[in-house]
Structure formats: structure tokens, C-alpha cells
file input-v8.cif (mmCIF, C-alpha atoms)
data_structure
loop_
_atom_site.label_atom_id
_atom_site.label_comp_id
_atom_site.auth_asym_id
_atom_site.auth_seq_id
_atom_site.Cartn_x
_atom_site.Cartn_y
_atom_site.Cartn_z
CA MET P 19 48.29 49.82 68.26
CA ILE P 20 50.01 48.69 71.46
CA ILE P 21 49.87 50.14 74.97
CA ARG P 22 52.29 48.64 77.49
CA LYS P 23 52.57 49.32 81.18
CA MET P 24 55.87 48.94 83.01
CA VAL P 25 57.91 50.61 85.74
CA HIS P 26 59.58 53.73 84.40
CA ILE P 27 63.37 53.79 84.70
CA LYS P 28 64.87 56.58 82.57
CA CYS P 29 62.98 59.28 84.48
CA ARG P 30 64.41 58.04 87.78
CA SER P 31 68.12 58.52 87.07
CA ASN P 32 70.33 60.02 89.76
CA TYR P 33 70.24 63.48 88.21
CA TYR P 34 67.66 65.32 86.17
CA PRO P 35 69.60 65.74 82.90
CA PHE P 36 68.50 69.27 82.06
CA GLY P 37 68.97 70.98 85.39
CA ALA P 38 71.66 69.01 87.24
CA ILE P 39 69.11 68.49 90.03
CA LYS P 40 69.54 65.33 92.09
CA ARG P 41 66.46 63.15 92.13
CA LEU P 42 65.35 61.26 95.20
CA ASN P 43 66.24 57.60 94.66
CA PHE P 44 64.01 54.74 95.80
CA PRO P 45 63.29 51.10 94.81
CA ASP P 46 60.83 50.03 92.11
CA ASN P 47 58.25 48.79 94.60
CA LEU P 48 57.73 52.37 95.84
CA VAL P 49 57.06 53.84 92.38
CA PRO P 50 53.24 53.41 92.43
CA TRP P 51 51.32 56.15 94.22
CA THR P 52 49.37 53.38 95.96
CA ALA P 53 52.54 52.18 97.72
CA ALA P 54 52.98 53.65 101.20
CA PHE P 55 55.97 56.02 101.22
CA ASN P 56 55.42 58.49 104.06
CA GLU P 57 58.95 59.89 103.92
CA TYR P 58 58.71 60.69 100.21
CA ASN P 59 59.83 64.32 99.94
CA PRO P 60 61.59 64.87 96.59
CA PRO P 61 63.15 68.15 95.44
CA GLU P 62 61.30 70.45 93.06
CA TYR P 63 62.55 71.84 89.77
CA ASN P 64 60.88 74.23 87.34
CA SER P 65 63.09 75.52 84.53
CA PRO P 66 63.24 79.33 84.56
CA ASN P 67 63.54 79.19 80.77
CA LEU P 68 59.83 78.37 80.54
CA LEU P 69 58.59 81.57 82.12
CA GLY P 70 56.83 83.84 79.64
CA LYS P 71 57.11 81.38 76.75
CA PRO P 72 53.92 81.49 74.64
CA TRP P 73 53.99 77.72 74.08
CA ALA P 74 54.35 76.88 77.79
CA ASP P 75 51.97 76.92 80.75
CA PRO P 76 52.39 79.63 83.38
CA ASP P 77 53.70 78.81 86.83
CA ILE P 78 51.14 76.60 88.52
CA ALA P 79 50.87 79.13 91.36
CA ASP P 80 49.84 81.90 88.96
CA PRO P 81 46.37 83.06 90.13
CA LYS P 82 45.32 83.54 86.49
CA PHE P 83 46.13 79.94 85.60
CA HIS P 84 43.02 77.76 85.80
CA PRO P 85 43.74 74.59 83.80
CA HIS P 86 41.04 72.01 83.10
CA TRP P 87 42.79 68.77 83.99
CA ASN P 88 41.85 65.60 82.09
CA GLU P 89 40.00 67.67 79.48
CA LEU P 90 40.51 69.46 76.22
CA ASP P 91 41.40 72.88 77.64
CA GLY P 92 40.75 75.24 74.74
CA ALA P 93 43.32 74.19 72.12
CA VAL P 94 45.55 72.51 74.74
CA ASN P 95 44.96 68.78 75.15
CA ARG P 96 45.24 67.94 78.86
CA LYS P 97 43.79 64.46 78.39
CA SER P 98 46.06 61.46 78.86
CA HIS P 99 46.30 58.42 76.61
CA MET P 100 46.54 56.44 79.85
CA GLY P 101 43.11 57.44 81.14
CA VAL P 102 42.19 59.76 83.99
CA TYR P 103 45.21 60.86 86.04
CA PRO P 104 44.91 62.00 89.68
CA VAL P 105 45.26 65.63 90.73
CA THR P 106 46.49 66.42 94.24
CA ASP P 107 46.83 69.90 95.76
CA GLY P 108 46.06 71.38 92.35
CA LYS P 109 48.84 69.46 90.62
CA PRO P 110 48.47 66.53 88.19
CA LEU P 111 50.24 63.32 89.18
CA ASN P 112 52.29 61.17 86.82
CA PRO P 113 50.12 58.14 85.92
CA ARG P 114 53.12 55.82 86.14
CA GLY P 115 53.98 56.90 89.66
CA ARG P 116 56.81 58.63 91.47
CA THR P 117 59.92 59.94 89.70
CA GLY P 118 61.91 61.44 92.57
CA LEU P 119 61.34 65.02 91.37
CA THR P 120 58.35 67.37 91.58
CA GLY P 121 57.55 70.40 89.44
CA ARG P 122 57.48 70.28 85.65
CA GLY P 123 61.22 70.32 84.96
CA VAL P 124 61.83 71.54 81.42
CA LEU P 125 58.48 70.41 80.01
CA GLY P 126 56.16 73.09 78.72
CA ARG P 127 52.93 71.66 80.10
CA TRP P 128 51.89 70.56 83.53
CA GLY P 129 50.46 67.08 83.19
CA PRO P 130 50.69 65.30 79.82
CA ASN P 131 52.94 66.73 77.11
CA HIS P 132 51.84 65.21 73.81
CA ALA P 133 54.29 64.20 71.09
CA ALA P 134 54.25 62.20 67.85
CA ASP P 135 56.99 59.89 66.57
CA PRO P 136 57.22 58.72 62.93
CA VAL P 137 58.90 55.32 62.63
CA VAL P 138 59.99 55.34 58.97
CA THR P 139 61.33 51.95 57.87
CA ARG P 140 62.73 50.16 54.82
CA TRP P 141 64.46 46.83 54.17
CA LYS P 142 68.26 46.76 54.18
CA LEU P 143 69.47 45.74 50.73
CA CYS P 144 72.63 43.99 49.54
CA ASP P 145 74.68 45.27 46.60
CA ASP P 146 72.67 43.01 44.26
CA GLY P 147 69.42 44.62 45.39
CA LYS P 148 68.22 41.65 47.45
CA ARG P 149 67.20 41.99 51.09
CA GLU P 150 70.01 41.37 53.55
CA ILE P 151 69.49 38.51 56.03
CA ASP P 152 70.89 38.43 59.55
CA GLN P 153 72.82 35.19 60.01
CA SER P 154 71.86 34.75 63.68
CA THR P 155 68.07 34.84 63.17
CA ASN P 156 67.80 34.13 59.43
CA LEU P 157 65.40 37.08 59.19
CA TYR P 158 65.54 40.13 56.93
CA ILE P 159 67.10 43.26 58.43
CA LEU P 160 64.87 46.30 58.78
CA GLN P 161 66.25 49.84 58.86
CA PHE P 162 64.72 52.98 60.35
CA CYS P 163 65.41 56.67 59.94
CA ALA P 164 67.30 57.78 63.06
CA ILE P 165 68.38 61.21 64.23
CA LYS P 166 70.97 62.15 66.84
CA ARG P 167 69.47 64.61 69.34
CA ARG P 168 71.32 67.84 70.06
CA ASP P 169 70.30 67.98 73.72
CA SER P 170 71.37 64.48 74.83
CA ASP P 171 73.58 63.25 71.95
CA GLU P 172 71.46 60.06 71.82
CA TRP P 173 70.01 58.38 68.75
CA ALA P 174 66.25 58.70 68.50
CA LEU P 175 63.23 58.92 66.23
CA PRO P 176 62.62 62.24 64.44
CA GLY P 177 59.59 63.14 66.52
CA GLY P 178 58.39 66.21 68.39
CA MET P 179 55.63 67.99 70.24
CA VAL P 180 52.04 68.26 69.03
CA ASP P 181 51.13 71.94 68.81
CA PRO P 182 47.85 73.11 70.38
CA GLY P 183 44.99 72.28 68.02
CA GLU P 184 47.28 70.32 65.68
CA HIS P 185 46.32 66.86 64.42
CA VAL P 186 48.85 64.13 65.12
CA SER P 187 49.17 63.35 61.41
CA SER P 188 50.34 66.91 60.78
CA THR P 189 52.88 66.67 63.62
CA LEU P 190 54.33 63.45 62.20
CA GLN P 191 54.91 65.04 58.81
CA ARG P 192 56.20 68.35 60.19
CA GLU P 193 58.71 66.75 62.55
CA PHE P 194 60.07 64.39 59.90
CA LEU P 195 60.45 67.30 57.49
CA GLU P 196 62.23 69.46 60.08
CA GLU P 197 64.53 66.89 61.66
CA ALA P 198 65.26 64.39 58.87
CA LEU P 199 64.98 66.63 55.79
CA ASN P 200 65.95 70.00 57.31
CA SER P 201 62.88 71.76 55.95
CA LEU P 202 63.61 74.89 58.00
CA GLU P 203 66.65 75.62 55.81
CA SER P 204 65.36 74.24 52.51
CA SER P 205 64.75 76.38 49.46
CA PRO P 206 61.07 77.08 48.68
CA ALA P 207 61.18 74.70 45.70
CA GLU P 208 62.85 71.91 47.66
CA LEU P 209 60.48 72.40 50.59
CA GLU P 210 57.43 72.14 48.36
CA SER P 211 58.81 69.00 46.71
CA ASN P 212 59.56 67.35 50.07
CA LYS P 213 56.14 68.27 51.44
CA LYS P 214 54.38 66.57 48.52
CA MET P 215 56.63 63.51 48.79
CA ILE P 216 56.09 63.15 52.55
CA ALA P 217 52.34 63.80 52.33
CA ASN P 218 52.09 60.99 49.77
CA PHE P 219 54.22 58.56 51.76
CA PHE P 220 52.51 59.37 55.08
CA THR P 221 48.99 58.73 53.78
CA SER P 222 48.99 55.25 55.32
CA GLY P 223 50.74 54.04 58.43
CA ASN P 224 50.34 51.61 61.31
CA GLU P 225 49.89 53.06 64.79
CA ILE P 226 52.22 50.90 66.88
CA TYR P 227 52.18 52.74 70.20
CA LYS P 228 50.01 55.24 72.03
CA GLY P 229 50.71 56.15 75.62
CA TYR P 230 53.23 57.11 78.27
CA VAL P 231 56.91 57.59 77.43
CA ASP P 232 59.68 56.83 79.92
CA ASP P 233 61.42 60.11 79.16
CA PRO P 234 64.28 61.56 81.26
CA ARG P 235 62.43 64.91 81.32
CA ASN P 236 59.46 63.46 83.23
CA THR P 237 58.64 64.52 86.76
CA ASP P 238 55.89 63.77 89.27
CA ASN P 239 53.76 66.54 87.77
CA ALA P 240 54.67 66.61 84.06
CA TRP P 241 55.33 63.76 81.66
CA MET P 242 55.68 62.83 77.99
CA GLU P 243 53.12 60.84 76.02
CA THR P 244 53.28 59.96 72.34
CA VAL P 245 51.67 58.34 69.35
CA ALA P 246 54.18 56.31 67.30
CA VAL P 247 53.22 55.45 63.74
CA ASN P 248 55.16 53.15 61.41
CA PHE P 249 55.45 54.24 57.78
CA HIS P 250 57.05 51.41 55.83
CA ASP P 251 58.42 51.41 52.27
CA GLU P 252 58.15 47.76 51.24
CA ASP P 253 60.05 48.00 47.95
CA GLY P 254 62.32 50.95 48.80
CA ASN P 255 61.20 53.08 45.87
CA LEU P 256 59.79 55.89 48.01
CA VAL P 257 62.19 56.45 50.88
CA GLY P 258 65.08 56.02 48.47
CA LYS P 259 64.14 59.47 47.18
CA PHE P 260 64.56 61.04 50.62
CA ARG P 261 67.65 63.25 50.77
CA LEU P 262 68.32 62.90 54.49
CA ASN P 263 69.61 66.14 55.97
CA ALA P 264 69.65 66.77 59.71
CA GLY P 265 67.93 69.91 60.92
CA ASP P 266 66.22 71.63 63.86
CA ASP P 267 66.80 69.49 67.01
CA ALA P 268 68.87 66.89 65.13
CA LYS P 269 72.64 67.08 64.74
CA SER P 270 72.84 64.12 62.34
CA VAL P 271 70.55 61.67 60.56
CA GLN P 272 71.01 58.25 58.99
CA TRP P 273 69.39 54.93 58.13
CA MET P 274 70.11 52.56 61.04
CA ASP P 275 69.80 48.76 61.21
CA ILE P 276 67.17 47.63 63.71
CA ASP P 277 68.69 45.32 66.30
CA GLN P 278 68.08 44.65 69.98
CA SER P 279 71.57 45.93 70.83
CA LEU P 280 70.52 49.52 70.01
CA ALA P 281 70.27 51.94 72.92
CA LEU P 282 67.92 54.75 71.97
CA TYR P 283 66.45 57.82 73.64
CA ALA P 284 63.50 57.42 76.03
CA SER P 285 61.16 54.57 74.96
CA HIS P 286 62.21 54.60 71.29
CA SER P 287 63.78 51.13 71.44
CA LEU P 288 60.33 49.78 72.28
CA PHE P 289 58.84 51.44 69.22
CA ILE P 290 61.39 50.07 66.75
CA GLN P 291 61.12 46.61 68.33
CA THR P 292 57.37 46.75 67.74
CA ALA P 293 57.98 47.77 64.12
CA ALA P 294 60.38 44.86 63.64
CA MET P 295 57.84 42.42 65.09
CA LEU P 296 55.12 43.89 62.85
CA HIS P 297 57.16 43.12 59.72
CA GLY P 298 58.61 39.81 60.92
CA ALA P 299 62.10 41.29 60.73
CA HIS P 300 65.30 40.59 62.61
CA TRP P 301 65.46 41.85 66.18
#
call {"tool": "encode", "arguments": {"input": "input-v8.cif", "output": "C-alpha cells"}}
result
Amino acid sequence: MIIRKMVHIKCRSNYYPFGAIKRLNFPDNLVPWTAAFNEYNPPEYNSPNLLGKPWADPDIADPKFHPHWNELDGAVNRKSHMGVYPVTDGKPLNPRGRTGLTGRGVLGRWGPNHAADPVVTRWKLCDDGKREIDQSTNLYILQFCAIKRRDSDEWALPGGMVDPGEHVSSTLQREFLEEALNSLESSPAELESNKKMIANFFTSGNEIYKGYVDDPRNTDNAWMETVAVNFHDEDGNLVGKFRLNAGDDAKSVQWMDIDQSLALYASHSLFIQTAAMLHGAHW
């Protein structure tokens, strides 16, 4: 398992992608909360679509809302993989620093929003069944199951949010079933077959990342965190049975060669790079 710390970039773009709100721009050296930035006065955005949703927190000004920051708050996990985060004026602060936007944006939770990302990999094979080698590195080429997101049209891992009280292992299986195998529209027989197949394949995996995600949805007061787990089919006999079929938040799905030229959603390029390094594959 790897935790890396770096300056976040994707959550400091000129515009917040899901509200057309202009972020306050500033240099990297002013990202940390410890850096003096007296004139820092970013705009605030809270998506009206979150109000009244059973899976989302209330408005932070709601007098009935008394969250327990940095704790397990009932079934809602408000702990961070990054350690204890500061809380100022009743609002949690992004552990990676300023983003140029306050509020919670389109994220359901104030503070950490927990997700899980399955990194499902196999070796790329030639027509003769042998592993394909990249000529530039002389290393075998690894492939991963990639989905194209409906909201941003970017390629990504088939991950999603951890439901309150849900174990990460259950989230990994559920999200792969929904986004890569379209379980929500499968027949009962097909769904049961896929569930058994995934449960068997997902019994063992390598946790390759646990922590903060540089996600474009992040704000000063709400951010994404994830656990990424690599499930690898060494001989290709298991994942070859997967009938990939995009569903839920995915508009398409495919096996994609892992290469450093890939531009993926949020921090997903980091996760597939880590998987490639784990298997000694081409990058």
C-alpha cells in the first residue's frame, strides 16, 4: 500500500467543472494552509441538487446538523486516511490545502468523501497467446479495465462511493459489477453468475493506494479519498470470462493498455502506474 503526498492540481482548475464557478487562482507555494495568504477569499459553491438527498449531508448551517469530525459518525465515516484534518469555524479543511473554492461543491459529504477503486489487470496477449512486449522498454504490456465516465467523458477506473456502513471490499465488487458489467440491467441469472465470478476473483488483491485523491470535485471543505486495490489475473483465464458491458455512471468500457501517455480522471494515472510497477510491466 502506498500513500503519496503532492500538491493537488486537478482541483485547482480555472473553473469548477460541475457548476461553472470560477475558482480563485494562486501559485503552488500558497496551497498549504500554513502559508500566509491574508487576501485569500475564494468564492463558495454548494450544489442545490444535494439538498434533501438521503445520501448527502444537510447544509452545514442547518441547526440540526451536528457532525462528529474526524470520527466514525454513526454509519458515516468522517475519518480521513490522511490523519486528523483541521476544522475552522465549524467547517473541515482540505488536508492538502487550498483549492480556490469553499463549500462542498457537488460532493455529498462535508470533509472526506470515501470511495473505492478496483484496478483489474491482465497481460496483453499476442495472437499466438504469448504476452506482448513493448519494444521501447522490452517489458510486457499490462492492461486494465477502463470505463469512460458520463459526467466528464474521461477514461477512469470503475470505482465509486463507499456507502455508510459498507466495507470497502463490498464497494469494490459492487462498483465493478455496476460500471463494467452493467449489473443494474442484467437478468437475475446473469447477475447471480457475475456476482459469484467477481466474488471469487476479488478474494485476493493488493492494496496499492490509500489516501487523498486530486479530484476536480474537491473544495476547501470537501474532498475525495479512496482505497485502490489491484486484482490481477496472471494467466488470463478469469478475466477472459468477463463480458464487459458499460453501465450506471459509465458510457463505455474496454481493456486498455497501461502506458505513461494515458491521461485519466483524477489520480487514476497514479494508481495504474503503481500497478504496472508492482508487476514489473511496461510503463
call {"tool": "atom_distance", "arguments": {"input": "input-v8.cif", "atom1": "atom CA of Met179 of chain P", "atom2": "atom CA of Glu193 of chain P"}}
result
8.4 Å
call {"tool": "residues_near_point", "arguments": {"input": "input-v8.cif", "point": "(47.2, 62.3, 92.8)", "cutoff": "12 Å", "atoms": "only C-alpha atoms", "output": "compact mmCIF listing (two decimals) with C-alpha atoms, keeping the file's coordinate frame"}}
result
# COMPACT_ATOMS: atom_id res chain seq x y z
CA PRO P 50 53.24 53.41 92.43
CA TRP P 51 51.32 56.15 94.22
CA THR P 52 49.37 53.38 95.96
CA TRP P 87 42.79 68.77 83.99
CA VAL P 102 42.19 59.76 83.99
CA TYR P 103 45.21 60.86 86.04
CA PRO P 104 44.91 62.00 89.68
CA VAL P 105 45.26 65.63 90.73
CA THR P 106 46.49 66.42 94.24
CA ASP P 107 46.83 69.90 95.76
CA GLY P 108 46.06 71.38 92.35
CA LYS P 109 48.84 69.46 90.62
CA PRO P 110 48.47 66.53 88.19
CA LEU P 111 50.24 63.32 89.18
CA ASN P 112 52.29 61.17 86.82
CA PRO P 113 50.12 58.14 85.92
CA ARG P 114 53.12 55.82 86.14
CA GLY P 115 53.98 56.90 89.66
CA ARG P 116 56.81 58.63 91.47
CA GLY P 129 50.46 67.08 83.19
CA ASP P 238 55.89 63.77 89.27
CA ASN P 239 53.76 66.54 87.77
call {"tool": "closest_residue", "arguments": {"input": "input-v8.cif", "among": "P:Lys71, P:His286, P:Arg168, P:Arg41", "to": "Asn59 of chain P", "atoms": "only C-alpha atoms"}}
result
P:Arg41
call {"tool": "closest_residue", "arguments": {"input": "input-v8.cif", "among": "P:Ser222, P:Thr117, P:Ser270, P:Ser279", "to": "Cys29 of chain P", "atoms": "all atoms listed in the file"}}
result
P:Thr117
call {"tool": "closest_residue", "arguments": {"input": "input-v8.cif", "among": "P:Ala294, P:Met242, P:Leu282, P:Ala268", "to": "Asp169 of chain P", "atoms": "all atoms listed in the file"}}
result
P:Ala268
call {"tool": "residues_near_point", "arguments": {"input": "input-v8.cif", "point": "(52.4, 65.6, 71.9)", "cutoff": "10 Å", "atoms": "all atoms listed in the file", "output": "JSON, numbers by chain"}}
result
{"P": [95, 130, 131, 132, 133, 134, 135, 177, 178, 179, 180, 181, 182, 184, 185, 186, 189, 242, 243, 244, 245]}
